[in-house]
Amino acid sequence: MAGSIVVSKSVMPEKASEIEPKDFEDALVRLEGIVKELEKGELSLESSLARYEQGIRFARFCSEKLEEAEKRIELLQVTDSGEPKRDATGALRTTPLDFDEDSNEE
């Protein structure tokens, strides 16, 4: 047919599960697999571009999950005697972990 677009099945994922990773580890493993495939250089240009796009989605997913994890990591504040500090309600006092500050203490 003139003017129609044909999409190769090898480029398009067959299932949504092929696009959406279950978790960080799943995305990372799949991203590493894509990198290996691309490094071999055996894919067609169209397939390479499709795999690259999938890799970018996985890389963004991993980046988002790492940012979420950083926000969850907190340091417990302690007194000079090593006891945990507590607020007026008795809850433990915490401070967000600053990775840059830790790396400058060397």
# chains A, B, ... in the order shown; residues from 1 in each chain; ligands from 1
>>> residues_around(residues="A:Ser63", least_positions_apart="5", cutoff="9 Å", atoms="only C-alpha atoms", output="VMD selection string")
chain A and resid 24 58 68
>>> write_last_selection(atoms="N, CA and C atoms", output="PDB file, in the first residue's frame")
ATOM      1  N   PHE A  24      14.470  -1.796  40.418  1.00  0.00           N
ATOM      2  CA  PHE A  24      15.774  -1.261  40.036  1.00  0.00           C
ATOM      3  C   PHE A  24      16.682  -2.345  39.454  1.00  0.00           C
ATOM      4  N   PHE A  58      15.244   2.585  30.598  1.00  0.00           N
ATOM      5  CA  PHE A  58      15.738   1.842  31.761  1.00  0.00           C
ATOM      6  C   PHE A  58      16.707   2.693  32.585  1.00  0.00           C
ATOM      7  N   GLU A  68      15.146   8.340  44.697  1.00  0.00           N
ATOM      8  CA  GLU A  68      14.200   7.992  45.758  1.00  0.00           C
ATOM      9  C   GLU A  68      14.930   7.371  46.949  1.00  0.00           C
TER      10      GLU A  68
END
>>> residues_around(residues="A:Leu75", least_positions_apart="6", cutoff="10 Å", atoms="only C-alpha atoms", output="PyMOL selection string")
chain A and resi 93-98
>>> write_last_selection(atoms="C-alpha atoms", output="PDB file, in the first residue's frame")
ATOM      1  CA  ARG A  93      15.822  12.865  65.332  1.00  0.00           C
ATOM      2  CA  THR A  94      17.363  12.289  61.927  1.00  0.00           C
ATOM      3  CA  THR A  95      19.210  14.325  59.322  1.00  0.00           C
ATOM      4  CA  PRO A  96      19.166  13.626  55.565  1.00  0.00           C
ATOM      5  CA  LEU A  97      22.398  11.999  54.434  1.00  0.00           C
ATOM      6  CA  ASP A  98      24.594  14.356  52.383  1.00  0.00           C
TER       7      ASP A  98
END
>>> residues_around(residues="stretch 49-56 of chain A", least_positions_apart="4", cutoff="8 Å", atoms="only C-alpha atoms", output="VMD selection string")
chain A and resid 11 to 12 19 30 to 31 34 to 35 38 45 60
>>> atom_distance(atom1="atom CA of A:Ser44", atom2="atom CA of A:Glu20")
23.5 Å
>>> closest_residue(among="A:Glu74, A:Glu37, A:Asp87, A:Glu25", to="A:Phe61", atoms="only C-alpha atoms")
A:Glu25
>>> atom_distance(atom1="atom CA of A:Glu67", atom2="atom CA of A:Arg86")
26.9 Å
>>> atom_distance(atom1="atom CA of A:Glu70", atom2="atom CA of A:Ala88")
26.5 Å
>>> decode(residues="stretch 12-59 of chain A", atoms="N, CA and C atoms", output="PDB file, in the first residue's frame")
ATOM      1  N   MET A  12       9.487  -3.417  17.827  1.00  0.00           N
ATOM      2  CA  MET A  12       8.458  -3.102  18.809  1.00  0.00           C
ATOM      3  C   MET A  12       8.354  -4.225  19.836  1.00  0.00           C
ATOM      4  N   PRO A  13       8.323  -3.878  21.126  1.00  0.00           N
ATOM      5  CA  PRO A  13       8.152  -4.922  22.135  1.00  0.00           C
ATOM      6  C   PRO A  13       6.763  -5.540  22.018  1.00  0.00           C
ATOM      7  N   GLU A  14       6.675  -6.835  22.275  1.00  0.00           N
ATOM      8  CA  GLU A  14       5.399  -7.521  22.144  1.00  0.00           C
ATOM      9  C   GLU A  14       4.510  -7.297  23.358  1.00  0.00           C
ATOM     10  N   LYS A  15       5.076  -7.098  24.519  1.00  0.00           N
ATOM     11  CA  LYS A  15       4.294  -6.963  25.752  1.00  0.00           C
ATOM     12  C   LYS A  15       4.763  -5.739  26.516  1.00  0.00           C
ATOM     13  N   ALA A  16       3.845  -5.182  27.314  1.00  0.00           N
ATOM     14  CA  ALA A  16       4.211  -4.038  28.152  1.00  0.00           C
ATOM     15  C   ALA A  16       5.291  -4.425  29.147  1.00  0.00           C
ATOM     16  N   SER A  17       5.319  -5.708  29.569  1.00  0.00           N
ATOM     17  CA  SER A  17       6.323  -6.152  30.538  1.00  0.00           C
ATOM     18  C   SER A  17       7.734  -6.064  29.977  1.00  0.00           C
ATOM     19  N   GLU A  18       7.854  -6.022  28.641  1.00  0.00           N
ATOM     20  CA  GLU A  18       9.174  -5.874  28.040  1.00  0.00           C
ATOM     21  C   GLU A  18       9.668  -4.439  28.160  1.00  0.00           C
ATOM     22  N   ILE A  19       8.760  -3.515  28.423  1.00  0.00           N
ATOM     23  CA  ILE A  19       9.129  -2.111  28.551  1.00  0.00           C
ATOM     24  C   ILE A  19       9.296  -1.732  30.020  1.00  0.00           C
ATOM     25  N   GLU A  20       8.328  -2.063  30.844  1.00  0.00           N
ATOM     26  CA  GLU A  20       8.329  -1.644  32.244  1.00  0.00           C
ATOM     27  C   GLU A  20       9.103  -2.620  33.127  1.00  0.00           C
ATOM     28  N   PRO A  21      10.182  -2.153  33.747  1.00  0.00           N
ATOM     29  CA  PRO A  21      10.920  -3.035  34.668  1.00  0.00           C
ATOM     30  C   PRO A  21      10.158  -3.225  35.975  1.00  0.00           C
ATOM     31  N   LYS A  22      10.396  -4.364  36.630  1.00  0.00           N
ATOM     32  CA  LYS A  22       9.755  -4.655  37.911  1.00  0.00           C
ATOM     33  C   LYS A  22      10.334  -3.804  39.022  1.00  0.00           C
ATOM     34  N   ASP A  23      11.657  -3.624  38.995  1.00  0.00           N
ATOM     35  CA  ASP A  23      12.334  -2.886  40.056  1.00  0.00           C
ATOM     36  C   ASP A  23      13.693  -2.419  39.538  1.00  0.00           C
ATOM     37  N   PHE A  24      14.470  -1.796  40.418  1.00  0.00           N
ATOM     38  CA  PHE A  24      15.774  -1.261  40.036  1.00  0.00           C
ATOM     39  C   PHE A  24      16.682  -2.345  39.454  1.00  0.00           C
ATOM     40  N   GLU A  25      16.745  -3.470  40.141  1.00  0.00           N
ATOM     41  CA  GLU A  25      17.646  -4.549  39.720  1.00  0.00           C
ATOM     42  C   GLU A  25      17.261  -5.079  38.344  1.00  0.00           C
ATOM     43  N   ASP A  26      15.961  -5.239  38.113  1.00  0.00           N
ATOM     44  CA  ASP A  26      15.476  -5.705  36.820  1.00  0.00           C
ATOM     45  C   ASP A  26      15.867  -4.717  35.719  1.00  0.00           C
ATOM     46  N   ALA A  27      15.653  -3.438  35.966  1.00  0.00           N
ATOM     47  CA  ALA A  27      16.004  -2.408  34.980  1.00  0.00           C
ATOM     48  C   ALA A  27      17.498  -2.404  34.696  1.00  0.00           C
ATOM     49  N   LEU A  28      18.303  -2.553  35.743  1.00  0.00           N
ATOM     50  CA  LEU A  28      19.758  -2.535  35.575  1.00  0.00           C
ATOM     51  C   LEU A  28      20.242  -3.727  34.750  1.00  0.00           C
ATOM     52  N   VAL A  29      19.712  -4.909  35.037  1.00  0.00           N
ATOM     53  CA  VAL A  29      20.095  -6.109  34.287  1.00  0.00           C
ATOM     54  C   VAL A  29      19.701  -5.950  32.814  1.00  0.00           C
ATOM     55  N   ARG A  30      18.506  -5.441  32.585  1.00  0.00           N
ATOM     56  CA  ARG A  30      18.042  -5.265  31.209  1.00  0.00           C
ATOM     57  C   ARG A  30      18.860  -4.193  30.485  1.00  0.00           C
ATOM     58  N   LEU A  31      19.211  -3.134  31.197  1.00  0.00           N
ATOM     59  CA  LEU A  31      20.050  -2.083  30.615  1.00  0.00           C
ATOM     60  C   LEU A  31      21.424  -2.640  30.240  1.00  0.00           C
ATOM     61  N   GLU A  32      22.016  -3.428  31.133  1.00  0.00           N
ATOM     62  CA  GLU A  32      23.319  -4.044  30.834  1.00  0.00           C
ATOM     63  C   GLU A  32      23.237  -4.950  29.611  1.00  0.00           C
ATOM     64  N   GLY A  33      22.137  -5.680  29.465  1.00  0.00           N
ATOM     65  CA  GLY A  33      21.950  -6.543  28.299  1.00  0.00           C
ATOM     66  C   GLY A  33      21.885  -5.734  27.013  1.00  0.00           C
ATOM     67  N   ILE A  34      21.190  -4.603  27.069  1.00  0.00           N
ATOM     68  CA  ILE A  34      21.091  -3.732  25.896  1.00  0.00           C
ATOM     69  C   ILE A  34      22.463  -3.183  25.526  1.00  0.00           C
ATOM     70  N   VAL A  35      23.226  -2.775  26.523  1.00  0.00           N
ATOM     71  CA  VAL A  35      24.568  -2.248  26.254  1.00  0.00           C
ATOM     72  C   VAL A  35      25.418  -3.311  25.559  1.00  0.00           C
ATOM     73  N   LYS A  36      25.363  -4.532  26.040  1.00  0.00           N
ATOM     74  CA  LYS A  36      26.139  -5.615  25.417  1.00  0.00           C
ATOM     75  C   LYS A  36      25.709  -5.842  23.971  1.00  0.00           C
ATOM     76  N   GLU A  37      24.379  -5.823  23.741  1.00  0.00           N
ATOM     77  CA  GLU A  37      23.884  -6.007  22.379  1.00  0.00           C
ATOM     78  C   GLU A  37      24.397  -4.909  21.454  1.00  0.00           C
ATOM     79  N   LEU A  38      24.325  -3.667  21.925  1.00  0.00           N
ATOM     80  CA  LEU A  38      24.754  -2.536  21.103  1.00  0.00           C
ATOM     81  C   LEU A  38      26.263  -2.562  20.868  1.00  0.00           C
ATOM     82  N   GLU A  39      27.019  -2.983  21.883  1.00  0.00           N
ATOM     83  CA  GLU A  39      28.471  -3.047  21.733  1.00  0.00           C
ATOM     84  C   GLU A  39      28.906  -4.087  20.704  1.00  0.00           C
ATOM     85  N   LYS A  40      28.130  -5.156  20.550  1.00  0.00           N
ATOM     86  CA  LYS A  40      28.459  -6.180  19.550  1.00  0.00           C
ATOM     87  C   LYS A  40      28.374  -5.612  18.140  1.00  0.00           C
ATOM     88  N   GLY A  41      27.483  -4.646  17.937  1.00  0.00           N
ATOM     89  CA  GLY A  41      27.349  -4.024  16.632  1.00  0.00           C
ATOM     90  C   GLY A  41      26.709  -4.896  15.568  1.00  0.00           C
ATOM     91  N   GLU A  42      25.954  -5.902  15.975  1.00  0.00           N
ATOM     92  CA  GLU A  42      25.358  -6.832  15.011  1.00  0.00           C
ATOM     93  C   GLU A  42      23.917  -6.489  14.660  1.00  0.00           C
ATOM     94  N   LEU A  43      23.323  -5.509  15.320  1.00  0.00           N
ATOM     95  CA  LEU A  43      21.927  -5.138  15.057  1.00  0.00           C
ATOM     96  C   LEU A  43      21.846  -4.183  13.873  1.00  0.00           C
ATOM     97  N   SER A  44      20.691  -4.187  13.225  1.00  0.00           N
ATOM     98  CA  SER A  44      20.456  -3.210  12.156  1.00  0.00           C
ATOM     99  C   SER A  44      20.339  -1.825  12.793  1.00  0.00           C
ATOM    100  N   LEU A  45      20.411  -0.814  11.971  1.00  0.00           N
ATOM    101  CA  LEU A  45      20.296   0.552  12.478  1.00  0.00           C
ATOM    102  C   LEU A  45      18.958   0.741  13.182  1.00  0.00           C
ATOM    103  N   GLU A  46      17.882   0.277  12.574  1.00  0.00           N
ATOM    104  CA  GLU A  46      16.551   0.421  13.156  1.00  0.00           C
ATOM    105  C   GLU A  46      16.460  -0.296  14.507  1.00  0.00           C
ATOM    106  N   SER A  47      16.968  -1.504  14.561  1.00  0.00           N
ATOM    107  CA  SER A  47      16.945  -2.270  15.818  1.00  0.00           C
ATOM    108  C   SER A  47      17.839  -1.623  16.866  1.00  0.00           C
ATOM    109  N   SER A  48      18.977  -1.115  16.441  1.00  0.00           N
ATOM    110  CA  SER A  48      19.885  -0.434  17.375  1.00  0.00           C
ATOM    111  C   SER A  48      19.215   0.786  17.990  1.00  0.00           C
ATOM    112  N   LEU A  49      18.523   1.565  17.165  1.00  0.00           N
ATOM    113  CA  LEU A  49      17.833   2.753  17.683  1.00  0.00           C
ATOM    114  C   LEU A  49      16.732   2.371  18.667  1.00  0.00           C
ATOM    115  N   ALA A  50      15.994   1.314  18.346  1.00  0.00           N
ATOM    116  CA  ALA A  50      14.929   0.858  19.235  1.00  0.00           C
ATOM    117  C   ALA A  50      15.508   0.396  20.577  1.00  0.00           C
ATOM    118  N   ARG A  51      16.592  -0.362  20.524  1.00  0.00           N
ATOM    119  CA  ARG A  51      17.224  -0.848  21.763  1.00  0.00           C
ATOM    120  C   ARG A  51      17.804   0.316  22.560  1.00  0.00           C
ATOM    121  N   TYR A  52      18.381   1.298  21.846  1.00  0.00           N
ATOM    122  CA  TYR A  52      18.918   2.492  22.514  1.00  0.00           C
ATOM    123  C   TYR A  52      17.805   3.219  23.257  1.00  0.00           C
ATOM    124  N   GLU A  53      16.650   3.382  22.620  1.00  0.00           N
ATOM    125  CA  GLU A  53      15.514   4.050  23.263  1.00  0.00           C
ATOM    126  C   GLU A  53      15.061   3.285  24.505  1.00  0.00           C
ATOM    127  N   GLN A  54      15.018   1.955  24.406  1.00  0.00           N
ATOM    128  CA  GLN A  54      14.663   1.143  25.575  1.00  0.00           C
ATOM    129  C   GLN A  54      15.700   1.339  26.675  1.00  0.00           C
ATOM    130  N   GLY A  55      16.965   1.374  26.299  1.00  0.00           N
ATOM    131  CA  GLY A  55      18.037   1.575  27.273  1.00  0.00           C
ATOM    132  C   GLY A  55      17.901   2.912  27.992  1.00  0.00           C
ATOM    133  N   ILE A  56      17.540   3.950  27.254  1.00  0.00           N
ATOM    134  CA  ILE A  56      17.342   5.269  27.870  1.00  0.00           C
ATOM    135  C   ILE A  56      16.208   5.212  28.884  1.00  0.00           C
ATOM    136  N   ARG A  57      15.125   4.516  28.548  1.00  0.00           N
ATOM    137  CA  ARG A  57      14.010   4.379  29.505  1.00  0.00           C
ATOM    138  C   ARG A  57      14.468   3.654  30.766  1.00  0.00           C
ATOM    139  N   PHE A  58      15.244   2.585  30.598  1.00  0.00           N
ATOM    140  CA  PHE A  58      15.738   1.842  31.761  1.00  0.00           C
ATOM    141  C   PHE A  58      16.707   2.693  32.585  1.00  0.00           C
ATOM    142  N   ALA A  59      17.567   3.450  31.917  1.00  0.00           N
ATOM    143  CA  ALA A  59      18.520   4.313  32.627  1.00  0.00           C
ATOM    144  C   ALA A  59      17.775   5.380  33.431  1.00  0.00           C
TER     145      ALA A  59
END
